[in-house]
>>> print(open('target21.cif').read())   # mmCIF, C-alpha atoms
data_start
#
loop_
_atom_site.group_PDB
_atom_site.id
_atom_site.type_symbol
_atom_site.label_atom_id
_atom_site.label_comp_id
_atom_site.auth_asym_id
_atom_site.auth_seq_id
_atom_site.Cartn_x
_atom_site.Cartn_y
_atom_site.Cartn_z
ATOM 1 C CA MET H 5 148.784 -44.461 163.419
ATOM 2 C CA LEU H 6 145.284 -45.741 163.910
ATOM 3 C CA THR H 7 144.748 -46.350 167.619
ATOM 4 C CA GLN H 8 142.450 -49.040 168.978
ATOM 5 C CA ASP H 9 140.196 -46.368 170.440
ATOM 6 C CA ARG H 10 139.868 -44.575 167.124
ATOM 7 C CA LEU H 11 139.242 -47.854 165.313
ATOM 8 C CA ARG H 12 136.397 -48.629 167.726
ATOM 9 C CA ARG H 13 134.893 -45.165 167.274
ATOM 10 C CA LEU H 14 134.980 -45.601 163.516
ATOM 11 C CA CYS H 15 133.269 -48.968 163.885
ATOM 12 C CA ARG H 16 130.529 -47.348 165.976
ATOM 13 C CA ALA H 17 130.186 -44.693 163.283
ATOM 14 C CA ARG H 18 129.874 -47.420 160.648
ATOM 15 C CA ASP H 19 127.099 -48.990 162.756
ATOM 16 C CA ASN H 20 125.345 -45.622 162.942
ATOM 17 C CA LEU H 21 125.555 -45.254 159.177
ATOM 18 C CA ARG H 22 123.853 -48.620 158.783
ATOM 19 C CA GLU H 23 120.727 -47.192 160.370
ATOM 20 C CA VAL H 24 119.127 -45.997 157.157
ATOM 21 C CA GLY H 25 115.700 -44.411 156.837
ATOM 22 C CA PRO H 26 113.823 -41.647 158.593
ATOM 23 C CA GLU H 27 115.824 -41.676 161.807
ATOM 24 C CA GLU H 28 119.240 -41.703 160.181
ATOM 25 C CA LEU H 29 121.800 -39.238 161.423
ATOM 26 C CA ALA H 30 123.429 -36.664 159.176
ATOM 27 C CA ILE H 31 127.093 -37.356 158.406
ATOM 28 C CA ALA H 32 128.088 -34.402 160.603
ATOM 29 C CA GLU H 33 126.177 -35.935 163.515
ATOM 30 C CA VAL H 34 127.824 -39.304 162.988
ATOM 31 C CA ALA H 35 131.204 -37.552 162.983
ATOM 32 C CA LYS H 36 130.326 -35.729 166.173
ATOM 33 C CA ALA H 37 129.278 -38.974 167.853
ATOM 34 C CA ALA H 38 132.683 -40.367 166.860
ATOM 35 C CA ALA H 39 134.328 -37.311 168.465
ATOM 36 C CA MET H 40 135.922 -36.176 165.211
ATOM 37 C CA SER H 41 135.592 -33.156 162.999
ATOM 38 C CA ARG H 42 133.553 -33.833 159.861
ATOM 39 C CA PHE H 43 136.582 -33.447 157.616
ATOM 40 C CA HIS H 44 138.785 -35.710 159.724
ATOM 41 C CA PHE H 45 136.007 -38.274 160.079
ATOM 42 C CA ILE H 46 135.439 -38.529 156.332
ATOM 43 C CA ARG H 47 139.173 -38.908 155.700
ATOM 44 C CA GLN H 48 139.642 -41.541 158.403
ATOM 45 C CA PHE H 49 136.508 -43.443 157.434
ATOM 46 C CA ARG H 50 137.687 -43.713 153.856
ATOM 47 C CA ALA H 51 141.126 -44.884 154.934
ATOM 48 C CA VAL H 52 139.673 -47.631 157.116
ATOM 49 C CA PHE H 53 136.618 -48.759 155.141
ATOM 50 C CA GLY H 54 137.721 -47.921 151.611
ATOM 51 C CA GLU H 55 134.799 -45.650 150.810
ATOM 52 C CA SER H 56 133.354 -42.387 152.045
ATOM 53 C CA PRO H 57 130.609 -42.366 154.697
ATOM 54 C CA SER H 58 128.133 -41.306 151.998
ATOM 55 C CA GLN H 59 129.159 -44.150 149.706
ATOM 56 C CA PHE H 60 128.908 -46.592 152.589
ATOM 57 C CA ARG H 61 125.435 -45.335 153.490
ATOM 58 C CA THR H 62 124.276 -45.617 149.888
ATOM 59 C CA ARG H 63 125.494 -49.207 149.761
ATOM 60 C CA GLU H 64 123.642 -49.972 152.999
ATOM 61 C CA ARG H 65 120.474 -48.336 151.674
ATOM 62 C CA LEU H 66 120.613 -50.453 148.533
ATOM 63 C CA ASN H 67 121.207 -53.659 150.488
ATOM 64 C CA ARG H 68 118.309 -52.819 152.778
ATOM 65 C CA ALA H 69 116.135 -52.031 149.766
ATOM 66 C CA LYS H 70 116.956 -55.423 148.349
ATOM 67 C CA GLN H 71 115.678 -57.050 151.526
ATOM 68 C CA LEU H 72 112.511 -54.962 151.559
ATOM 69 C CA LEU H 73 111.801 -55.751 147.913
ATOM 70 C CA ALA H 74 111.642 -59.393 148.887
ATOM 71 C CA LEU H 75 108.612 -58.622 151.030
ATOM 72 C CA GLU H 76 105.179 -58.566 149.532
ATOM 73 C CA GLY H 77 103.106 -55.435 149.866
ATOM 74 C CA ALA H 78 105.503 -52.504 149.749
ATOM 75 C CA SER H 79 105.741 -50.803 146.375
ATOM 76 C CA VAL H 80 109.094 -49.901 144.842
ATOM 77 C CA THR H 81 108.345 -46.284 145.755
ATOM 78 C CA ASP H 82 107.622 -47.282 149.357
ATOM 79 C CA VAL H 83 110.922 -49.121 149.526
ATOM 80 C CA CYS H 84 112.764 -46.192 147.961
ATOM 81 C CA MET H 85 111.429 -43.850 150.618
ATOM 82 C CA ALA H 86 111.823 -46.314 153.475
ATOM 83 C CA VAL H 87 115.569 -46.653 152.954
ATOM 84 C CA GLY H 88 116.134 -42.904 152.794
ATOM 85 C CA PHE H 89 116.173 -42.025 149.101
ATOM 86 C CA SER H 90 114.134 -38.999 148.142
ATOM 87 C CA SER H 91 114.220 -39.635 144.399
ATOM 88 C CA LEU H 92 112.854 -42.765 142.761
ATOM 89 C CA GLY H 93 115.008 -42.058 139.710
ATOM 90 C CA SER H 94 118.220 -41.960 141.731
ATOM 91 C CA PHE H 95 117.210 -45.037 143.679
ATOM 92 C CA SER H 96 116.417 -47.001 140.548
ATOM 93 C CA ALA H 97 119.613 -45.927 138.785
ATOM 94 C CA LEU H 98 121.838 -46.742 141.761
ATOM 95 C CA PHE H 99 120.089 -50.057 142.358
ATOM 96 C CA THR H 100 120.483 -51.038 138.721
ATOM 97 C CA ARG H 101 124.130 -50.041 138.682
ATOM 98 C CA ARG H 102 124.876 -52.089 141.783
ATOM 99 C CA PHE H 103 122.806 -55.207 141.198
ATOM 100 C CA GLY H 104 122.515 -55.268 137.423
ATOM 101 C CA LEU H 105 118.741 -55.015 137.241
ATOM 102 C CA SER H 106 116.121 -52.476 138.231
ATOM 103 C CA PRO H 107 114.202 -52.749 141.527
ATOM 104 C CA SER H 108 111.026 -53.809 139.719
ATOM 105 C CA MET H 109 112.888 -56.409 137.648
ATOM 106 C CA TYR H 110 114.566 -57.671 140.788
ATOM 107 C CA ARG H 111 111.171 -58.112 142.431
ATOM 108 C CA LYS H 112 109.781 -59.879 139.354
ATOM 109 C CA ARG H 113 112.711 -62.251 139.377
ATOM 110 C CA LEU H 114 112.117 -62.980 143.052
ATOM 111 C CA ALA H 115 108.447 -63.594 142.363
ATOM 112 C CA GLY H 116 109.428 -66.068 139.671
ATOM 113 C CA SER H 117 111.803 -67.910 141.943
ATOM 114 C CA ALA H 118 109.143 -67.914 144.696
ATOM 115 C CA GLN H 119 107.222 -70.442 142.613
ATOM 116 C CA GLN H 120 109.982 -72.904 143.403
ATOM 117 C CA PRO H 121 109.896 -74.793 146.736
ATOM 118 C CA LYS H 122 111.935 -72.881 149.273
ATOM 119 C CA PRO H 123 113.530 -73.868 152.567
ATOM 120 C CA VAL H 124 111.746 -73.039 155.811
ATOM 121 C CA CYS H 125 114.585 -70.693 156.798
ATOM 122 C CA MET H 126 113.349 -68.205 154.153
ATOM 123 C CA ASP H 127 110.015 -68.000 155.955
ATOM 124 C CA LEU H 128 111.823 -67.368 159.232
ATOM 125 C CA LEU H 129 113.924 -64.660 157.604
ATOM 126 C CA ARG H 130 110.851 -63.039 156.112
ATOM 127 C CA SER H 131 109.011 -63.024 159.441
ATOM 128 C CA SER H 132 112.031 -61.416 161.132
ATOM 129 C CA TRP H 133 112.044 -58.607 158.544
ATOM 130 C CA GLU H 134 108.296 -58.138 158.858
ATOM 131 C CA SER H 135 108.518 -57.887 162.627
ATOM 132 C CA GLU H 136 110.888 -54.916 162.383
ATOM 133 C CA PRO H 137 109.323 -51.498 163.090
ATOM 134 C CA GLN H 138 107.881 -49.805 160.020
ATOM 135 C CA ILE H 139 109.959 -46.940 158.789
ATOM 136 C CA SER H 140 108.846 -43.978 156.801
ATOM 137 C CA ARG H 141 110.619 -41.365 154.771
ATOM 138 C CA SER H 142 112.663 -38.485 156.121
ATOM 139 C CA PRO H 143 114.398 -35.685 154.277
ATOM 140 C CA ASP H 144 118.009 -36.290 153.249
ATOM 141 C CA MET C 19 148.327 -82.752 152.389
ATOM 142 C CA LYS C 20 149.158 -79.236 151.197
ATOM 143 C CA ILE C 21 147.772 -75.789 151.900
ATOM 144 C CA LYS C 22 146.961 -74.486 148.443
ATOM 145 C CA LEU C 23 143.949 -72.346 149.177
ATOM 146 C CA THR C 24 142.922 -70.120 152.018
ATOM 147 C CA GLY C 25 140.388 -67.349 152.256
ATOM 148 C CA ILE C 26 139.241 -64.242 154.031
ATOM 149 C CA PHE C 27 135.844 -62.585 154.187
ATOM 150 C CA VAL C 28 135.473 -59.160 152.607
ATOM 151 C CA ASP C 29 132.593 -56.692 152.717
ATOM 152 C CA ASP C 30 132.748 -55.958 148.983
ATOM 153 C CA GLN C 31 134.500 -58.192 146.480
ATOM 154 C CA GLN C 32 135.299 -55.525 143.885
ATOM 155 C CA LYS C 33 136.716 -53.190 146.527
ATOM 156 C CA ALA C 34 138.744 -56.115 147.848
ATOM 157 C CA LEU C 35 140.078 -57.015 144.420
ATOM 158 C CA ASP C 36 141.153 -53.403 143.884
ATOM 159 C CA PHE C 37 142.950 -53.264 147.227
ATOM 160 C CA TYR C 38 144.625 -56.664 147.055
ATOM 161 C CA THR C 39 145.894 -56.093 143.511
ATOM 162 C CA ASP C 40 146.420 -52.325 143.137
ATOM 163 C CA VAL C 41 147.691 -51.677 146.662
ATOM 164 C CA LEU C 42 149.140 -54.927 147.970
ATOM 165 C CA GLY C 43 150.368 -56.044 144.557
ATOM 166 C CA PHE C 44 148.813 -59.497 144.353
ATOM 167 C CA VAL C 45 147.603 -60.882 141.035
ATOM 168 C CA LYS C 46 144.087 -62.011 140.210
ATOM 169 C CA LYS C 47 143.918 -65.785 139.728
ATOM 170 C CA GLN C 48 140.236 -66.784 139.615
ATOM 171 C CA ASP C 49 137.234 -64.605 138.867
ATOM 172 C CA ILE C 50 134.141 -66.679 138.187
ATOM 173 C CA PRO C 51 130.575 -65.374 138.606
ATOM 174 C CA VAL C 52 128.599 -67.304 141.208
ATOM 175 C CA GLY C 53 125.110 -65.895 141.424
ATOM 176 C CA GLU C 54 125.365 -62.326 142.645
ATOM 177 C CA PHE C 55 128.893 -62.958 143.950
ATOM 178 C CA ARG C 56 132.171 -64.206 142.458
ATOM 179 C CA TRP C 57 134.639 -66.968 143.071
ATOM 180 C CA LEU C 58 137.523 -64.581 143.376
ATOM 181 C CA SER C 59 141.112 -65.315 144.327
ATOM 182 C CA VAL C 60 144.542 -63.728 144.158
ATOM 183 C CA VAL C 61 148.092 -65.039 144.316
ATOM 184 C CA SER C 62 151.436 -63.498 145.155
ATOM 185 C CA PRO C 63 153.572 -62.478 142.162
ATOM 186 C CA GLU C 64 156.640 -63.434 144.212
ATOM 187 C CA GLY C 65 156.053 -67.148 143.955
ATOM 188 C CA GLY C 66 154.328 -69.885 145.844
ATOM 189 C CA ASP C 67 151.065 -71.271 144.556
ATOM 190 C CA THR C 68 148.740 -70.649 147.479
ATOM 191 C CA GLU C 69 145.579 -68.853 146.436
ATOM 192 C CA LEU C 70 143.862 -66.353 148.696
ATOM 193 C CA SER C 71 140.118 -66.375 148.170
ATOM 194 C CA LEU C 72 138.261 -63.085 148.727
ATOM 195 C CA GLU C 73 134.920 -64.334 149.936
ATOM 196 C CA PRO C 74 131.800 -62.220 150.434
ATOM 197 C CA ASN C 75 130.765 -61.840 154.062
ATOM 198 C CA ALA C 76 127.119 -62.146 153.052
ATOM 199 C CA ASN C 77 126.485 -64.855 155.615
ATOM 200 C CA PRO C 78 125.528 -63.027 158.852
ATOM 201 C CA ALA C 79 127.709 -65.399 160.868
ATOM 202 C CA ALA C 80 130.717 -64.504 158.724
ATOM 203 C CA LYS C 81 130.008 -60.817 159.114
ATOM 204 C CA THR C 82 129.679 -61.085 162.891
ATOM 205 C CA PHE C 83 132.924 -63.039 163.138
ATOM 206 C CA GLN C 84 134.786 -60.644 160.868
ATOM 207 C CA GLU C 85 133.573 -57.509 162.630
ATOM 208 C CA ALA C 86 134.293 -58.886 166.095
ATOM 209 C CA LEU C 87 137.913 -59.638 165.210
ATOM 210 C CA PHE C 88 138.304 -56.269 163.540
ATOM 211 C CA GLU C 89 136.959 -54.293 166.487
ATOM 212 C CA GLN C 90 139.171 -56.232 168.870
ATOM 213 C CA GLY C 91 142.203 -55.410 166.778
ATOM 214 C CA ILE C 92 142.917 -59.017 165.819
ATOM 215 C CA PRO C 93 144.421 -59.679 162.365
ATOM 216 C CA ILE C 94 142.561 -62.201 160.226
ATOM 217 C CA THR C 95 145.711 -63.494 158.556
ATOM 218 C CA ALA C 96 149.403 -62.728 157.997
ATOM 219 C CA PHE C 97 151.642 -62.324 154.964
ATOM 220 C CA GLU C 98 155.422 -62.636 154.992
ATOM 221 C CA VAL C 99 157.567 -59.865 153.520
ATOM 222 C CA ASP C 100 161.293 -59.612 152.837
ATOM 223 C CA ASP C 101 161.714 -56.054 154.102
ATOM 224 C CA LEU C 102 159.086 -54.953 156.580
ATOM 225 C CA ASP C 103 160.272 -51.361 156.910
ATOM 226 C CA ALA C 104 160.233 -50.868 153.153
ATOM 227 C CA GLU C 105 156.777 -52.419 152.876
ATOM 228 C CA PHE C 106 155.521 -50.275 155.736
ATOM 229 C CA ARG C 107 156.777 -47.140 153.981
ATOM 230 C CA ARG C 108 155.381 -48.206 150.615
ATOM 231 C CA LEU C 109 151.928 -48.949 151.986
ATOM 232 C CA THR C 110 151.840 -45.849 154.159
ATOM 233 C CA ASP C 111 152.676 -43.757 151.102
ATOM 234 C CA LEU C 112 149.712 -45.374 149.343
ATOM 235 C CA GLY C 113 147.424 -44.241 152.153
ATOM 236 C CA VAL C 114 147.109 -47.548 154.001
ATOM 237 C CA SER C 115 146.273 -47.178 157.710
ATOM 238 C CA PHE C 116 148.350 -49.122 160.193
ATOM 239 C CA THR C 117 147.226 -50.067 163.691
ATOM 240 C CA THR C 118 150.669 -51.406 164.619
ATOM 241 C CA GLU C 119 153.944 -49.927 163.429
ATOM 242 C CA PRO C 120 156.878 -52.272 162.731
ATOM 243 C CA THR C 121 157.440 -53.974 166.060
ATOM 244 C CA LYS C 122 159.813 -56.704 167.169
ATOM 245 C CA ALA C 123 157.934 -59.754 168.494
ATOM 246 C CA GLY C 124 160.010 -62.837 169.242
ATOM 247 C CA ASN C 125 161.849 -63.931 166.131
ATOM 248 C CA VAL C 126 159.878 -61.729 163.743
ATOM 249 C CA THR C 127 159.197 -58.067 163.168
ATOM 250 C CA LEU C 128 155.545 -57.371 162.428
ATOM 251 C CA ALA C 129 153.095 -54.627 161.574
ATOM 252 C CA VAL C 130 149.305 -54.576 161.205
ATOM 253 C CA PHE C 131 147.235 -52.629 158.692
ATOM 254 C CA VAL C 132 143.612 -52.186 157.623
ATOM 255 C CA ASP C 133 142.629 -53.767 154.299
ATOM 256 C CA THR C 134 139.593 -51.434 153.805
ATOM 257 C CA CYS C 135 137.350 -54.509 153.437
ATOM 258 C CA GLY C 136 136.711 -55.187 157.118
ATOM 259 C CA ASN C 137 139.971 -56.900 158.093
ATOM 260 C CA LEU C 138 143.222 -56.274 159.862
ATOM 261 C CA ILE C 139 146.186 -57.904 158.136
ATOM 262 C CA GLN C 140 149.530 -58.638 159.721
ATOM 263 C CA ILE C 141 152.750 -58.526 157.730
ATOM 264 C CA TYR C 142 155.919 -59.941 159.230
ATOM 265 C CA GLN C 143 159.573 -60.329 158.456
ATOM 266 C CA PRO C 144 161.350 -63.343 159.937
ATOM 267 C CA GLU C 145 164.634 -62.749 161.693
ATOM 268 C CA ALA C 146 167.606 -63.201 159.379
ATOM 269 C CA GLY C 147 169.459 -66.475 159.747
#
>>> encode(input="target21.cif", output="structure tokens")
Amino acid sequence: MLTQDRLRRLCRARDNLREVGPEELAIAEVAKAAAMSRFHFIRQFRAVFGESPSQFRTRERLNRAKQLLALEGASVTDVCMAVGFSSLGSFSALFTRRFGLSPSMYRKRLAGSAQQPKPVCMDLLRSSWESEPQISRSPD
Amino acid sequence: MKIKLTGIFVDDQQKALDFYTDVLGFVKKQDIPVGEFRWLSVVSPEGGDTELSLEPNANPAAKTFQEALFEQGIPITAFEVDDLDAEFRRLTDLGVSFTTEPTKAGNVTLAVFVDTCGNLIQIYQPEAG
């Protein structure tokens, strides 16, 4: 039975896994913070969130990359490194598999749609992303 | 006025479709691409015509709402079953995690499980008669 306390600890672990980039914790550290053995943590995480911690982190990295690609300035390689991937090939392949187009094509499509008038809220969103601390690459 | 459509937020629509069909046993009703998401719904194979829409929690407000309920242990919705103990056993055997075992509560018996998409779901069996 999944207790309320364990559910909360798994939610905290999920929040930790969302922190992608150079400061991200290793899976074993996330498990330790959740007061579980690595094996037990991975099993419980999958049962509750439907995917392994690694799969969840990859999904978060790709979603974050999508946001960063919307910003001007950072290259696809910069974005790849900023979200914690060490290989541009892996990043590009995973991004394409998930979103149906490569990171560079995604950016081109955004650039095309940027020619259209956009609501002010997009500018607010962009400024909130840009105000976040810059992140750089760390080893996996 | 009739209730023909209701919906829940999910963190991944494909994962949700897999769980709600392969594990819970619902049947896909609508699956229409809408931008990067889908208009996705399921129905019960046991009758009734109410559709359950599996909506992406892409809106930050939806995500905040969904996660707050989940962390507080509050189910997002409830489904009725004919035999709660049998359903509990079936789902447990399929690896579903329960936060509440079958428990008598007033004129129903209920249990609560995790749907793997960010929600707690209650199932209940009304008292006979």
>>> atom_distance(input="target21.cif", atom1="atom CA of H:Thr81", atom2="atom CA of H:Glu27")
18.3 Å
>>> resolve_selection(input="target21.cif", expression="the PyMOL selection byres ((chain H) within 6 of (chain C))", output="ChimeraX atom specification")
/H:5-7,12,52-54
>>> residues_around(input="target21.cif", residues="C:Asp36", least_positions_apart="3", cutoff="12 Å", atoms="only C-alpha atoms", output="number ranges by chain")
H: 54; C: 28, 30-33, 39-46, 58-60, 72, 133-135
>>> resolve_selection(input="target21.cif", expression="the PyMOL selection byres ((chain H and resi 90-101) around 8)", output="number ranges by chain")
H: 66, 81, 84-85, 88-89, 102-107, 141, 143-144
>>> resolve_selection(input="target21.cif", expression="the PyMOL selection byres ((chain C and resi 98-108) around 6)", output="PyMOL selection string")
chain C and resi 97+109-111+141-143
>>> atom_distance(input="target21.cif", atom1="atom CA of H:Ile31", atom2="atom CA of H:Arg61")
9.5 Å
>>> atom_distance(input="target21.cif", atom1="atom CA of H:Cys15", atom2="atom CA of C:Leu70")
25.4 Å
>>> closest_residue(input="target21.cif", among="H:Phe60, H:Arg50, H:Val87, H:Asn20", to="H:Leu72", atoms="only C-alpha atoms")
H:Val87
>>> residues_around(input="target21.cif", residues="stretch 33-36 of chain H", least_positions_apart="2", cutoff="8 Å", atoms="all atoms listed in the file", output="list in words")
Ala17, Asn20, Leu21, Leu29, Ala30, Ile31, Ala38, Ala39, Met40, Ser41, Arg42, Phe45 and Ile46 of chain H
>>> write_last_selection(input="target21.cif", atoms="C-alpha atoms", output="JSON list (two decimals), in the coordinates of the input")
[["chain", "number", "residue", "atom", "x", "y", "z"],
["H", 17, "ALA", "CA", 130.19, -44.69, 163.28],
["H", 20, "ASN", "CA", 125.34, -45.62, 162.94],
["H", 21, "LEU", "CA", 125.56, -45.25, 159.18],
["H", 29, "LEU", "CA", 121.80, -39.24, 161.42],
["H", 30, "ALA", "CA", 123.43, -36.66, 159.18],
["H", 31, "ILE", "CA", 127.09, -37.36, 158.41],
["H", 38, "ALA", "CA", 132.68, -40.37, 166.86],
["H", 39, "ALA", "CA", 134.33, -37.31, 168.46],
["H", 40, "MET", "CA", 135.92, -36.18, 165.21],
["H", 41, "SER", "CA", 135.59, -33.16, 163.00],
["H", 42, "ARG", "CA", 133.55, -33.83, 159.86],
["H", 45, "PHE", "CA", 136.01, -38.27, 160.08],
["H", 46, "ILE", "CA", 135.44, -38.53, 156.33]]
>>> closest_residue(input="target21.cif", among="C:Ile21, C:Ala123, C:Ile94, C:Ala86", to="C:Glu145", atoms="only C-alpha atoms")
C:Ala123
>>> residues_around(input="target21.cif", residues="stretch 108-114 of chain H", least_positions_apart="2", cutoff="7 Å", atoms="only C-alpha atoms", output="number ranges by chain")
H: 73-74, 80, 105-106, 116-118
>>> closest_residue(input="target21.cif", among="H:Val24, H:Ala37, H:Ala115, H:Ala32", to="H:Ala69", atoms="all atoms listed in the file")
H:Val24
>>> closest_residue(input="target21.cif", among="H:Val83, H:Gln48, H:Gly25, H:Asp19", to="H:Lys70", atoms="all atoms listed in the file")
H:Val83
>>> build_atoms(input="target21.cif", residues="stretch 29-51 of chain C", atoms="N, CA and C atoms", output="mmCIF file, in the frame of the given file")
data_model
loop_
_atom_site.group_PDB
_atom_site.id
_atom_site.type_symbol
_atom_site.label_atom_id
_atom_site.label_comp_id
_atom_site.auth_asym_id
_atom_site.auth_seq_id
_atom_site.Cartn_x
_atom_site.Cartn_y
_atom_site.Cartn_z
ATOM 1 N N ASP C 29 133.942 -57.286 152.743
ATOM 2 C CA ASP C 29 132.593 -56.692 152.717
ATOM 3 C C ASP C 29 132.157 -56.291 151.309
ATOM 4 N N ASP C 30 133.089 -56.293 150.367
ATOM 5 C CA ASP C 30 132.748 -55.958 148.983
ATOM 6 C C ASP C 30 133.848 -56.555 148.098
ATOM 7 N N GLN C 31 133.471 -57.463 147.227
ATOM 8 C CA GLN C 31 134.500 -58.192 146.480
ATOM 9 C C GLN C 31 135.259 -57.313 145.490
ATOM 10 N N GLN C 32 134.584 -56.365 144.844
ATOM 11 C CA GLN C 32 135.299 -55.525 143.885
ATOM 12 C C GLN C 32 136.288 -54.609 144.609
ATOM 13 N N LYS C 33 135.833 -54.048 145.734
ATOM 14 C CA LYS C 33 136.716 -53.190 146.527
ATOM 15 C C LYS C 33 137.922 -54.001 146.992
ATOM 16 N N ALA C 34 137.664 -55.242 147.376
ATOM 17 C CA ALA C 34 138.744 -56.115 147.848
ATOM 18 C C ALA C 34 139.729 -56.417 146.716
ATOM 19 N N LEU C 35 139.194 -56.712 145.553
ATOM 20 C CA LEU C 35 140.078 -57.015 144.420
ATOM 21 C C LEU C 35 140.965 -55.806 144.116
ATOM 22 N N ASP C 36 140.376 -54.623 144.141
ATOM 23 C CA ASP C 36 141.153 -53.403 143.884
ATOM 24 C C ASP C 36 142.275 -53.251 144.913
ATOM 25 N N PHE C 37 141.946 -53.457 146.180
ATOM 26 C CA PHE C 37 142.950 -53.264 147.227
ATOM 27 C C PHE C 37 144.051 -54.332 147.148
ATOM 28 N N TYR C 38 143.637 -55.580 147.005
ATOM 29 C CA TYR C 38 144.625 -56.664 147.055
ATOM 30 C C TYR C 38 145.518 -56.710 145.806
ATOM 31 N N THR C 39 145.047 -56.138 144.708
ATOM 32 C CA THR C 39 145.894 -56.093 143.511
ATOM 33 C C THR C 39 146.600 -54.737 143.396
ATOM 34 N N ASP C 40 145.830 -53.653 143.384
ATOM 35 C CA ASP C 40 146.420 -52.325 143.137
ATOM 36 C C ASP C 40 147.303 -51.852 144.289
ATOM 37 N N VAL C 41 146.935 -52.176 145.512
ATOM 38 C CA VAL C 41 147.691 -51.677 146.662
ATOM 39 C C VAL C 41 148.699 -52.718 147.155
ATOM 40 N N LEU C 42 148.209 -53.916 147.444
ATOM 41 C CA LEU C 42 149.140 -54.927 147.970
ATOM 42 C C LEU C 42 150.028 -55.517 146.882
ATOM 43 N N GLY C 43 149.529 -55.550 145.658
ATOM 44 C CA GLY C 43 150.368 -56.044 144.557
ATOM 45 C C GLY C 43 150.155 -57.499 144.195
ATOM 46 N N PHE C 44 149.108 -58.122 144.743
ATOM 47 C CA PHE C 44 148.813 -59.497 144.353
ATOM 48 C C PHE C 44 148.230 -59.521 142.937
ATOM 49 N N VAL C 45 148.084 -60.720 142.408
ATOM 50 C CA VAL C 45 147.603 -60.882 141.035
ATOM 51 C C VAL C 45 146.323 -61.716 141.050
ATOM 52 N N LYS C 46 145.352 -61.269 140.263
ATOM 53 C CA LYS C 46 144.087 -62.011 140.210
ATOM 54 C C LYS C 46 144.308 -63.389 139.593
ATOM 55 N N LYS C 47 143.750 -64.409 140.222
ATOM 56 C CA LYS C 47 143.918 -65.785 139.728
ATOM 57 C C LYS C 47 142.586 -66.327 139.201
ATOM 58 N N GLN C 48 141.550 -66.287 140.025
ATOM 59 C CA GLN C 48 140.236 -66.784 139.615
ATOM 60 C C GLN C 48 139.225 -65.652 139.740
ATOM 61 N N ASP C 49 138.328 -65.572 138.790
ATOM 62 C CA ASP C 49 137.234 -64.605 138.867
ATOM 63 C C ASP C 49 136.055 -65.191 138.104
ATOM 64 N N ILE C 50 135.242 -65.938 138.817
ATOM 65 C CA ILE C 50 134.141 -66.679 138.187
ATOM 66 C C ILE C 50 132.821 -66.242 138.827
ATOM 67 N N PRO C 51 131.864 -65.778 138.027
ATOM 68 C CA PRO C 51 130.575 -65.374 138.606
ATOM 69 C C PRO C 51 129.879 -66.560 139.278
#
